[in-house]
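Engineer: Starting off with a structure, shown below.
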Amino acid sequence: MDRRDFLTAKKVKKSTPVQQVCPARTLSGINPYTGPWTINEVTHLLKRTMFGAAKADVDYFLTRTMDQAVDELLNPTAPDPVPPVKEYTTSTQPGTPDANIAQGTTWINDINNDGTVQSQRLASYKKWWTGVMINQDRSIKEKMMLFWIDHFGNEASEVGYGNWMYKQHTTIRQQCLGNFKQLVRDITIDVAMLRYLNGYLNTSGAPDENYARELQELFTLGKGPGSQYTEGDVKEAAKVLTGWRINGTTHQSFFDPTRHSTTNKTFSSFYNNTVITGRTGATAGDLELTDLLNMIFAQNEVAKFLVRKFYRWFIYYDIDSATEANVIGPLADIFRTNNYNIKPVLSALFKSEHFFDKLNQGCVIKAPVDVVIGSMREFKVNMPLASDWNTSYGHWNTLYSFMFLHGQNLHDPPNVAGTPAYYQEPSFHEIWITADSLPKRNQYTDQMTNNGYTRNGFRMQFDFVTYAKTFSNPGNPNDLIDEALKYIYRIDVSPQVKQQMKVQMLLSNQLYDYYWTNAWAAYISNPTTANYNIVNTRLKDLFRYLMNLSEFQLS
């Protein structure tokens with residue numbers, strides 16, 4: 001199913017296949033964008049770089065130039081989020097597994113090997129991360145966190161330690177907009193990664209190839225035609241990485257020289273027959289890891305592989321020959337020239353004519369996180385105060401659960417390759433929409449529209465009356481619908497459909513616009529419960545309808 005089929009739901013008749021040369025989808029490249037800077041362009045930029053395009057954020061970036069907006073998104077200034085707290089319930093009696101951590105205080109520094117406690121902390125971590133995304137600042141940072149965590153594909157359920165997954169999260173946060181090569185180095189000796197891909201079992205007597213394989217196949221070089229490493233290279237890289245272990249008492253990684261392979265490691269012609277000299281002593285692991293990464297990152301394919309992943313994440317899933325020549329190649333050159341620093345390549349991408357090309361707008365099916373977190377932010381749903389951690393975590397858990405039901409389990413992909421919709425050919429993002437997931441998406445928006453969710457007396461719910469008040473002329477039903485569609489949808493809606501929405505929802509099947517205008521004016525001048533209910537019911541009908549249409553699923 002392609003985008004057009006998804007929107008029209010038309011059946012395509014079978015016909016005899018005809019060989020033909022497919023034209024380029026778009027011939028635009030990375031030349032700087034010089035076109036208009038309107039609500040449309042700002043919304044496109046924010047929906048791709050943040051979770052949702054909140055009206056306040058769109059209005060804010062409209063006061064900047066395109067260059068200024070991109071620069072600000074790529075240079076976050078907000079402090080790191082406060083760490084997760086113990087919001088789960090365990091016994092506080094002496095001698096019980098989690099007695100030293102009081103509820104409402106953070107568990108991240110507590111060493112604990114109890115399986116039940118760690119399972120609770122894993123759940124706590126996922127709730128916390130959901131809250132972090134909802135409360136994101138005006139930057140790309142949280143979208144990049146999701147990108148890198150999916151890129152490195154660790155299954156939290158397999159690792160089994162909430163503390164370790166949080167530690168990996170903070171490791172990635174430090175370099176998510178920094179240097180990719182340094183990030184790979186940090187992840188290589190991260191405790192969660194050592195556990196997940198058996199790095200802690202990798203010894204000179206029994207080299208384990210798991211991480212050595214994924215380092216090349218999934219994390220740096222990929223499996224494209226320009227990636228010609230061999231099985232022998234995997235085996236030699238595994239020897240380089242022998243000796244790294246996890247201290248079960250401190251939960252820190254460390255290097256054990258007695259378990260390290262001290263032989264020379266010889267690589268294939270793809271790596272120019274490089275020989276990494278075997279070393280001994282306490283520094284052997286660091287030195288050989290440096291040699292290994294220098295060898296890998298000397299390959300041109302590393303930059304191309306990562307740029308293709310950036311492209312599919314932020315632009316579109318299909319990379320044709322024109323895109324490869326006009327976008328991927330030039331951006332890969334920028335990536336290499338800047339020593340694999342991440343910001344320069346993203347800056348060139350987001351400031352390019354290709355990013356703002358009309359064919360690259362409204363063409364991506366939203367991931368569950370964009371549906372759930374994006375809608376929460378776009379409709380500016382009120383949330384509990386940060387100090388009310390019990391209520392906050394309960395609501396964050398509800399939202400996390402919806403993303404899970406829609407097919408996206410935070411920091412818990414199906415396997416090391418990550419989430420299928422981000423990499424699996426030929427469908428990519430189309431995998432998000434199934435006969436099971438689409439109704440569940442609609443159930444989420446319907447529930448948040450109708451009654452929301454209540455915990456400890458605090459209701460989390462879409463408030464469309466307050467949302468409509470942020471528009472320039474909400475008393476005019478035509479202007480209200482036009483403005484709502486500018487922020488919520490990424491493709492145009494026909495005048496006929498707009499007219500139908502207006503008559504059926506805002507006018508309650510009456511013929512004249514004043515049926516809405518008068519109702520809105522009455523509420524504004526006299527906000528009684530009766531007057532509120534009239535406009536609230538009509539707005540709920542309108543926005544529920546908008547979110548149930550296929551267009552809402554596109555970013």
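How things are named: the first chain in the structure tokens is A, the next is B, and so on; residues count from 1 in each chain; ligands count from 1 in the order shown.
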Need the shell around Ile319 of chain A: protein/DNA/RNA residues with any atom at most 10 Å away, counting only C-alpha atoms. Skip same-chain ones fewer than 4 positions apart. Format as an MDAnalysis selection string?
Structural biologist: chainID A and resid 24:25 308 311:312 315 323:325 327:328
Engineer: Atoms to include: N, CA and C atoms. Write the selected residues as a short mmCIF file (atom, residue, chain, number, x, y, z; two decimals), in the first residue's frame.
Structural biologist:
data_model
loop_
_atom_site.label_atom_id
_atom_site.label_comp_id
_atom_site.auth_asym_id
_atom_site.auth_seq_id
_atom_site.Cartn_x
_atom_site.Cartn_y
_atom_site.Cartn_z
N ALA A 24 12.37 10.01 -11.65
CA ALA A 24 12.79 10.37 -10.30
C ALA A 24 11.62 10.95 -9.54
N ARG A 25 11.50 10.59 -8.28
CA ARG A 25 10.40 11.12 -7.47
C ARG A 25 10.54 12.62 -7.31
N ARG A 308 21.51 7.72 4.94
CA ARG A 308 20.28 7.07 4.46
C ARG A 308 19.31 6.85 5.62
N TYR A 311 17.75 10.09 6.41
CA TYR A 311 16.80 10.44 5.35
C TYR A 311 15.47 9.72 5.56
N ARG A 312 15.54 8.43 5.83
CA ARG A 312 14.30 7.67 5.99
C ARG A 312 13.57 8.08 7.28
N ILE A 315 12.69 12.28 6.24
CA ILE A 315 12.18 12.73 4.94
C ILE A 315 11.18 11.73 4.36
N THR A 323 17.78 10.73 -5.64
CA THR A 323 18.00 11.09 -4.24
C THR A 323 19.39 10.68 -3.78
N GLU A 324 19.83 9.51 -4.21
CA GLU A 324 21.16 9.04 -3.85
C GLU A 324 22.23 10.01 -4.36
N ALA A 325 22.05 10.48 -5.58
CA ALA A 325 23.05 11.36 -6.18
C ALA A 325 22.96 12.79 -5.65
N VAL A 327 21.23 14.00 -2.88
CA VAL A 327 21.05 14.24 -1.44
C VAL A 327 21.99 13.37 -0.60
N ILE A 328 21.91 12.06 -0.78
CA ILE A 328 22.69 11.16 0.08
C ILE A 328 24.18 11.38 -0.08
#
Engineer: Taking the DSSP secondary structure from the backbone, can you list the residues of segment 331-469 of chain A that are alpha helix (DSSP H), as a PyMOL selection string?
Structural biologist: chain A and resi 331-337+342-350+368-378+389-406+437-450+464-469
Engineer: Could you give me, as a PDB file with N, CA and C atoms, in the first residue's frame, the residues within 8 Å of segment 525-539 of chain A, counting only C-alpha atoms and dropping anything in the same chain fewer than 6 positions from it?
Structural biologist:
ATOM      1  N   PHE A 464     -10.835  21.011  23.460  1.00  0.00           N
ATOM      2  CA  PHE A 464     -10.898  21.709  22.182  1.00  0.00           C
ATOM      3  C   PHE A 464     -11.445  23.125  22.312  1.00  0.00           C
ATOM      4  N   VAL A 465     -12.160  23.412  23.374  1.00  0.00           N
ATOM      5  CA  VAL A 465     -12.629  24.779  23.577  1.00  0.00           C
ATOM      6  C   VAL A 465     -11.435  25.694  23.850  1.00  0.00           C
ATOM      7  N   MET A 505     -20.942  19.400  11.812  1.00  0.00           N
ATOM      8  CA  MET A 505     -20.393  19.475  13.164  1.00  0.00           C
ATOM      9  C   MET A 505     -20.647  20.830  13.836  1.00  0.00           C
ATOM     10  N   LEU A 506     -20.157  21.900  13.217  1.00  0.00           N
ATOM     11  CA  LEU A 506     -20.240  23.209  13.877  1.00  0.00           C
ATOM     12  C   LEU A 506     -21.625  23.831  13.793  1.00  0.00           C
ATOM     13  N   LEU A 507     -22.360  23.559  12.702  1.00  0.00           N
ATOM     14  CA  LEU A 507     -23.692  24.157  12.544  1.00  0.00           C
ATOM     15  C   LEU A 507     -24.810  23.216  12.975  1.00  0.00           C
ATOM     16  N   SER A 508     -24.459  22.018  13.408  1.00  0.00           N
ATOM     17  CA  SER A 508     -25.469  21.025  13.817  1.00  0.00           C
ATOM     18  C   SER A 508     -26.526  20.823  12.739  1.00  0.00           C
ATOM     19  N   TRP A 516     -23.175  28.769  14.479  1.00  0.00           N
ATOM     20  CA  TRP A 516     -21.936  28.618  15.256  1.00  0.00           C
ATOM     21  C   TRP A 516     -21.483  29.948  15.843  1.00  0.00           C
ATOM     22  N   ALA A 519     -23.414  30.854  18.881  1.00  0.00           N
ATOM     23  CA  ALA A 519     -23.138  29.951  20.003  1.00  0.00           C
ATOM     24  C   ALA A 519     -21.789  30.274  20.638  1.00  0.00           C
TER      25      ALA A 519
END
Engineer: Which of these residues is nearest to Gln175 of chain A, using only C-alpha atoms: A:Lys343, A:Lys86, A:His251, A:Arg64?
Structural biologist: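 Ranking A:Lys343, A:Lys86, A:His251, A:Arg64 by distance to Gln175 of chain A, first place goes to A:Lys343.
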Engineer: Do you know which residues are at most 10 Å from Tyr489 of chain A counting only C-alpha atoms, after dropping those on the same chain fewer than 2 positions away, and could you put them as a ChimeraX atom specification?
Structural biologist: /A:40,43-44,362,484-487,491-493,546-547,550-555
Engineer: Selection from above, N, CA and C atoms, as an mmCIF file, in the first residue's frame, can you write it?
Structural biologist:
data_model
loop_
_atom_site.group_PDB
_atom_site.id
_atom_site.type_symbol
_atom_site.label_atom_id
_atom_site.label_comp_id
_atom_site.auth_asym_id
_atom_site.auth_seq_id
_atom_site.Cartn_x
_atom_site.Cartn_y
_atom_site.Cartn_z
ATOM 1 N N ASN A 40 2.825 26.654 6.822
ATOM 2 C CA ASN A 40 3.010 25.350 6.178
ATOM 3 C C ASN A 40 4.439 24.836 6.350
ATOM 4 N N THR A 43 5.315 24.198 10.129
ATOM 5 C CA THR A 43 4.642 22.991 10.617
ATOM 6 C C THR A 43 5.328 21.740 10.082
ATOM 7 N N HIS A 44 5.705 21.766 8.812
ATOM 8 C CA HIS A 44 6.428 20.629 8.233
ATOM 9 C C HIS A 44 7.731 20.372 8.984
ATOM 10 N N GLY A 362 3.880 15.839 3.967
ATOM 11 C CA GLY A 362 2.667 15.048 4.116
ATOM 12 C C GLY A 362 2.758 13.662 3.522
ATOM 13 N N ALA A 484 -7.558 25.212 11.908
ATOM 14 C CA ALA A 484 -7.312 23.907 12.520
ATOM 15 C C ALA A 484 -6.593 22.980 11.546
ATOM 16 N N LEU A 485 -7.032 22.989 10.304
ATOM 17 C CA LEU A 485 -6.429 22.106 9.304
ATOM 18 C C LEU A 485 -4.981 22.488 9.009
ATOM 19 N N LYS A 486 -4.659 23.770 9.096
ATOM 20 C CA LYS A 486 -3.278 24.208 8.853
ATOM 21 C C LYS A 486 -2.315 23.586 9.853
ATOM 22 N N TYR A 487 -2.773 23.426 11.083
ATOM 23 C CA TYR A 487 -1.892 22.913 12.131
ATOM 24 C C TYR A 487 -1.962 21.393 12.274
ATOM 25 N N ILE A 491 -1.858 17.701 4.374
ATOM 26 C CA ILE A 491 -2.304 17.730 2.981
ATOM 27 C C ILE A 491 -3.626 18.469 2.922
ATOM 28 N N ASP A 492 -3.943 19.007 1.752
ATOM 29 C CA ASP A 492 -5.126 19.847 1.592
ATOM 30 C C ASP A 492 -6.409 19.035 1.657
ATOM 31 N N VAL A 493 -7.453 19.690 2.121
ATOM 32 C CA VAL A 493 -8.791 19.116 2.155
ATOM 33 C C VAL A 493 -9.670 19.924 1.207
ATOM 34 N N LEU A 546 -11.975 14.826 12.415
ATOM 35 C CA LEU A 546 -10.688 15.119 11.781
ATOM 36 C C LEU A 546 -9.651 14.049 12.112
ATOM 37 N N MET A 547 -9.631 13.592 13.349
ATOM 38 C CA MET A 547 -8.624 12.610 13.762
ATOM 39 C C MET A 547 -8.952 11.198 13.304
ATOM 40 N N SER A 550 -8.122 9.578 7.355
ATOM 41 C CA SER A 550 -6.788 9.077 7.011
ATOM 42 C C SER A 550 -5.744 10.181 7.000
ATOM 43 N N GLU A 551 -6.154 11.395 6.623
ATOM 44 C CA GLU A 551 -5.203 12.495 6.534
ATOM 45 C C GLU A 551 -4.489 12.769 7.856
ATOM 46 N N PHE A 552 -5.166 12.488 8.962
ATOM 47 C CA PHE A 552 -4.559 12.739 10.275
ATOM 48 C C PHE A 552 -3.349 11.849 10.522
ATOM 49 N N GLN A 553 -3.275 10.719 9.828
ATOM 50 C CA GLN A 553 -2.190 9.769 10.046
ATOM 51 C C GLN A 553 -0.909 10.155 9.315
ATOM 52 N N LEU A 554 -0.941 11.232 8.556
ATOM 53 C CA LEU A 554 0.227 11.627 7.757
ATOM 54 C C LEU A 554 0.964 12.803 8.378
ATOM 55 N N SER A 555 2.271 12.753 8.272
ATOM 56 C CA SER A 555 3.114 13.828 8.785
ATOM 57 C C SER A 555 3.886 14.467 7.642
#
Engineer: Once DSSP has gone over the backbone, tell me which residues of segment 253-359 of chain A are in strand (DSSP E or B), as a list in words.
Structural biologist: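 Residues of segment 253-359 of chain A classed as strand (DSSP E or B): Ser253, Phe254, Phe255, Lys265, Thr266, Val275, Ile276, Asn341 and Ser352 of chain A.
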Engineer: How would the residues just chosen look if you wrote them out with N, CA and C atoms as an mmCIF file, in the first residue's frame?
Structural biologist:
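File produced: result27.cif:
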data_model
loop_
_atom_site.group_PDB
_atom_site.id
_atom_site.type_symbol
_atom_site.label_atom_id
_atom_site.label_comp_id
_atom_site.auth_asym_id
_atom_site.auth_seq_id
_atom_site.Cartn_x
_atom_site.Cartn_y
_atom_site.Cartn_z
ATOM 1 N N SER A 253 30.982 -1.226 33.469
ATOM 2 C CA SER A 253 31.783 -2.044 32.565
ATOM 3 C C SER A 253 33.264 -1.839 32.882
ATOM 4 N N PHE A 254 34.059 -2.877 32.608
ATOM 5 C CA PHE A 254 35.500 -2.752 32.817
ATOM 6 C C PHE A 254 36.210 -3.714 31.876
ATOM 7 N N PHE A 255 37.504 -3.497 31.710
ATOM 8 C CA PHE A 255 38.307 -4.335 30.814
ATOM 9 C C PHE A 255 39.174 -5.287 31.624
ATOM 10 N N LYS A 265 45.221 -8.973 14.664
ATOM 11 C CA LYS A 265 43.957 -9.211 13.967
ATOM 12 C C LYS A 265 44.071 -8.676 12.543
ATOM 13 N N THR A 266 43.919 -9.561 11.570
ATOM 14 C CA THR A 266 44.124 -9.207 10.165
ATOM 15 C C THR A 266 42.773 -9.155 9.445
ATOM 16 N N VAL A 275 45.975 -4.525 9.697
ATOM 17 C CA VAL A 275 46.337 -5.405 10.810
ATOM 18 C C VAL A 275 46.273 -4.581 12.097
ATOM 19 N N ILE A 276 45.418 -5.004 13.025
ATOM 20 C CA ILE A 276 45.364 -4.368 14.342
ATOM 21 C C ILE A 276 46.277 -5.163 15.270
ATOM 22 N N ASN A 341 30.562 14.561 13.044
ATOM 23 C CA ASN A 341 29.711 15.356 13.922
ATOM 24 C C ASN A 341 28.315 15.411 13.313
ATOM 25 N N SER A 352 17.691 22.501 3.389
ATOM 26 C CA SER A 352 17.799 22.241 1.950
ATOM 27 C C SER A 352 16.469 22.401 1.230
#
Engineer: Extract, using only C-alpha atoms, all DNA, RNA and protein residues at most 10 Å from Asp436 of chain A, discarding same-chain residues fewer than 3 positions from it, and format them as a list in words.
Structural biologist: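 Selected residues are Leu405, His406, Gly407, Trp432, Ile433, Pro439, Lys440 and Arg441 of chain A.
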Engineer: Quick one: everything within 10 Å of segment 76-78 of chain A, counting only C-alpha atoms, minus sequence neighbours fewer than 4 positions away in the same chain. Send it as a list of chain:residue names.
Structural biologist: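 Here the qualifying residues turn out to be A:Asp71, A:Glu72, A:Gln136, A:Asp137, A:Arg138, A:Ser139, A:Ile140, A:Lys141, A:Leu177.
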Engineer: Generate the output file for the selected residues, C-alpha atoms, as a short mmCIF file (atom, residue, chain, number, x, y, z; two decimals), in the first residue's frame.
Structural biologist:
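Output file result.cif follows:
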data_model
loop_
_atom_site.label_atom_id
_atom_site.label_comp_id
_atom_site.auth_asym_id
_atom_site.auth_seq_id
_atom_site.Cartn_x
_atom_site.Cartn_y
_atom_site.Cartn_z
CA ASP A 71 19.82 26.41 14.25
CA GLU A 72 17.68 26.71 17.37
CA GLN A 136 10.21 18.36 25.42
CA ASP A 137 11.76 21.74 24.77
CA ARG A 138 11.77 23.44 21.38
CA SER A 139 14.52 21.29 19.94
CA ILE A 140 15.15 18.11 17.97
CA LYS A 141 16.76 16.41 20.96
CA LEU A 177 23.61 15.69 18.67
#
Engineer: Would you list the contacts of Leu27 of chain A as a list in words, taking every protein, DNA or RNA residue within 12 Å and counting only C-alpha atoms, but skipping same-chain residues closer than 3 positions in sequence?
Structural biologist: Pro23, Ala24, Ile30, Asn31, Ile319, Asp320, Ser321, Ala322, Thr323, Glu324, Ala325, Asn326, Val327, Glu353, His354, Phe355, Asp357, Lys358, Leu359 and Asn360 of chain A
Engineer: Smallest atom-to-atom distance to Ala237 of chain A: which of A:Asn409, A:Thr263, A:Gln103, A:Gln510, using only C-alpha atoms?
Structural biologist: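 Closest to Ala237 of chain A, using only C-alpha atoms: A:Thr263.
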Engineer: Go through A:Val302, A:Leu197, A:Ile524, A:Val497 one by one, measure the shortest atom-to-atom distance of each to Gly224 of chain A using only C-alpha atoms, and give the residue with the smallest value.
Structural biologist: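 Using only C-alpha atoms, Gly224 of chain A sits closest to A:Val302.
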Engineer: For Met66 of chain A, which residue among A:Gly248, A:Tyr514, A:Ser347, A:His429 is the nearest when counting only C-alpha atoms?
Structural biologist: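 Ranking A:Gly248, A:Tyr514, A:Ser347, A:His429 by distance to Met66 of chain A, first place goes to A:Ser347.
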Engineer: When you count only C-alpha atoms, which of these residues is closest to Ala69 of chain A: A:Lys181, A:Gln443, A:Lys351, A:Ser261?
Structural biologist: A:Lys351
Engineer: For a test of reading the model, state the distance in Å between atom CA of Ser375 of chain A and atom CA of Gly52 of chain A, rounded to one decimal.
Structural biologist: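 Separation of atom CA of Ser375 of chain A and atom CA of Gly52 of chain A: 6.5 Å.
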Engineer: Between atom CA of Leu183 of chain A and atom CA of Thr171 of chain A, measure the distance and give it in Å to one decimal.
Structural biologist: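 That distance, rounded to one decimal, is 8.0 Å.
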